[in-house]
Amino acid sequence: DNPNGAITVPVNLAGEVGLIVVERPGFKPGAPQTFPELNFSTLGAPSLEVPRGSPRKGETSRQAAVRETDEELNSPVRSVEMIGEITPNTRFNPHRLSVWRAVVDHRFAGEMPPDVNERILKVEWHPPDAVRAKVRNREIRCAMTLSALALHWVNS
């Protein structure tokens with residue numbers, strides 16, 4: 001159980017994958033990406049991601065996976081299993097992050113509380129084929145989410 005962080009692929013009782021829509025400072029589709037002169041008015045496109053986060057002091061990666069998934073989806077986690085580890089950037093960030101699959105009971109989802117720190121806009125549940133289509137259509141751009149989904153599919 002790696003204490004550096006947790007990434008979780010949430011799956012509901014119907015087999016759908018949970019994605020959170022997060023306001024991130026990524027480029028809006030079609031915006032010019034010129035470096036070093038970035039136009040910051042083009043930043044802030046919503047990003048489709050899976051829950052992730054760092055453990056709190058004394059918390060294991062498994063415990064962080066459960067907590068982050070519950071917090072970000074506002075639905076109870078029924079079970080988790082570790083499906084792999086990733087290193088987000090082998091050159092600049094050599095830490096390994098544990099990847100988990102969580103079974104979530106979305107029938108008991110509460111209202112998403114506003115959270116100015118997380119900037120989660122909403123939670124979406126998609127059948128596996130729809131998530132694969134989002135990957136093919138480049139609607140999911142987060143590298144950690146793409147890696148976690150790949151581990152989920154390889155271990156299914």
# chains A, B, ... in the order shown; residues from 1 in each chain; ligands from 1
>>> residues_around(residues="Gly5 (chain A)", least_positions_apart="6", cutoff="10 Å", atoms="only C-alpha atoms", output="list in words")
Arg52, Gly53, Ser54, Pro55, Arg56, Glu59, Thr60, Ser61, Arg62, Ala64, Ala65, Glu85, His95, Arg96, Leu97, Ser98 and Val99 of chain A
>>> write_last_selection(atoms="N, CA and C atoms", output="CSV table (one decimal), in the first residue's frame")
chain,number,residue,atom,x,y,z
A,52,ARG,N,-8.8,11.4,-7.2
A,52,ARG,CA,-7.5,11.1,-6.8
A,52,ARG,C,-7.1,12.1,-5.7
A,53,GLY,N,-6.0,11.8,-5.0
A,53,GLY,CA,-5.6,12.7,-3.9
A,53,GLY,C,-4.5,12.1,-3.1
A,54,SER,N,-4.0,12.9,-2.2
A,54,SER,CA,-2.9,12.5,-1.3
A,54,SER,C,-3.5,12.0,0.0
A,55,PRO,N,-2.8,11.1,0.6
A,55,PRO,CA,-3.2,10.6,2.0
A,55,PRO,C,-3.0,11.7,3.0
A,56,ARG,N,-3.9,11.8,3.9
A,56,ARG,CA,-3.7,12.6,5.1
A,56,ARG,C,-2.6,12.0,6.0
A,59,GLU,N,-2.6,8.2,7.1
A,59,GLU,CA,-3.6,7.5,6.3
A,59,GLU,C,-2.8,6.7,5.2
A,60,THR,N,-3.3,5.4,5.0
A,60,THR,CA,-2.8,4.6,3.9
A,60,THR,C,-3.3,5.1,2.6
A,61,SER,N,-2.7,4.6,1.5
A,61,SER,CA,-3.2,4.9,0.2
A,61,SER,C,-4.7,4.3,0.0
A,62,ARG,N,-4.9,3.1,0.5
A,62,ARG,CA,-6.3,2.5,0.5
A,62,ARG,C,-7.3,3.4,1.1
A,64,ALA,N,-7.0,6.6,1.7
A,64,ALA,CA,-7.1,7.8,0.9
A,64,ALA,C,-8.0,7.6,-0.3
A,65,ALA,N,-7.9,6.4,-0.9
A,65,ALA,CA,-8.7,6.1,-2.1
A,65,ALA,C,-10.2,6.1,-1.7
A,85,GLU,N,0.0,0.5,-10.1
A,85,GLU,CA,0.7,1.7,-9.7
A,85,GLU,C,1.1,2.5,-10.9
A,95,HIS,N,7.7,9.6,-7.7
A,95,HIS,CA,6.8,8.9,-6.7
A,95,HIS,C,5.8,8.0,-7.4
A,96,ARG,N,5.5,6.8,-6.9
A,96,ARG,CA,4.5,5.9,-7.4
A,96,ARG,C,3.2,6.3,-6.7
A,97,LEU,N,2.1,6.2,-7.5
A,97,LEU,CA,0.8,6.4,-6.9
A,97,LEU,C,0.0,5.1,-7.1
A,98,SER,N,-0.7,4.6,-6.1
A,98,SER,CA,-1.5,3.4,-6.2
A,98,SER,C,-2.8,3.7,-7.0
A,99,VAL,N,-3.2,2.8,-7.8
A,99,VAL,CA,-4.4,2.9,-8.6
A,99,VAL,C,-5.4,1.9,-8.0
>>> closest_residue(among="A:His106, A:Ile86, A:Val154, A:Glu68", to="Glu124 (chain A)", atoms="only C-alpha atoms")
A:His106
>>> select_by_dssp(residues="region 58-152 of chain A", states="alpha helix (DSSP H)", output="JSON, numbers by chain")
{"A": [61, 62, 63, 64, 65, 66, 67, 68, 69, 70, 71, 72, 73, 128, 129, 130, 131, 132, 133, 134, 135, 136, 143, 144, 145, 146, 147, 148, 149, 150, 151, 152]}
>>> closest_residue(among="A:Arg67, A:Arg138, A:Arg101, A:His152", to="Leu48 (chain A)", atoms="only C-alpha atoms")
A:Arg138
>>> closest_residue(among="A:Glu81, A:Glu16, A:Glu72, A:Glu139", to="Asn155 (chain A)", atoms="only C-alpha atoms")
A:Glu81
>>> closest_residue(among="A:Leu146, A:Ile120, A:Leu73, A:Val50", to="Glu23 (chain A)", atoms="only C-alpha atoms")
A:Ile120
>>> select_by_dssp(residues="region 86-144 of chain A", states="strand (DSSP E)", output="VMD selection string")
chain A and resid 86 97 to 104 120 to 126
>>> atom_distance(atom1="CA of His126 (chain A)", atom2="CA of Gln63 (chain A)")
25.1 Å
>>> closest_residue(among="A:Glu49, A:Asp70, A:Asp129, A:Asp105", to="Ala148 (chain A)", atoms="only C-alpha atoms")
A:Glu49
>>> atom_distance(atom1="CA of Ala6 (chain A)", atom2="CA of Ala130 (chain A)")
24.2 Å
>>> closest_residue(among="A:Leu13, A:Ile7, A:Leu121, A:Val22", to="Thr87 (chain A)", atoms="only C-alpha atoms")
A:Ile7
>>> atom_distance(atom1="CA of Ala14 (chain A)", atom2="CA of Pro76 (chain A)")
14.7 Å
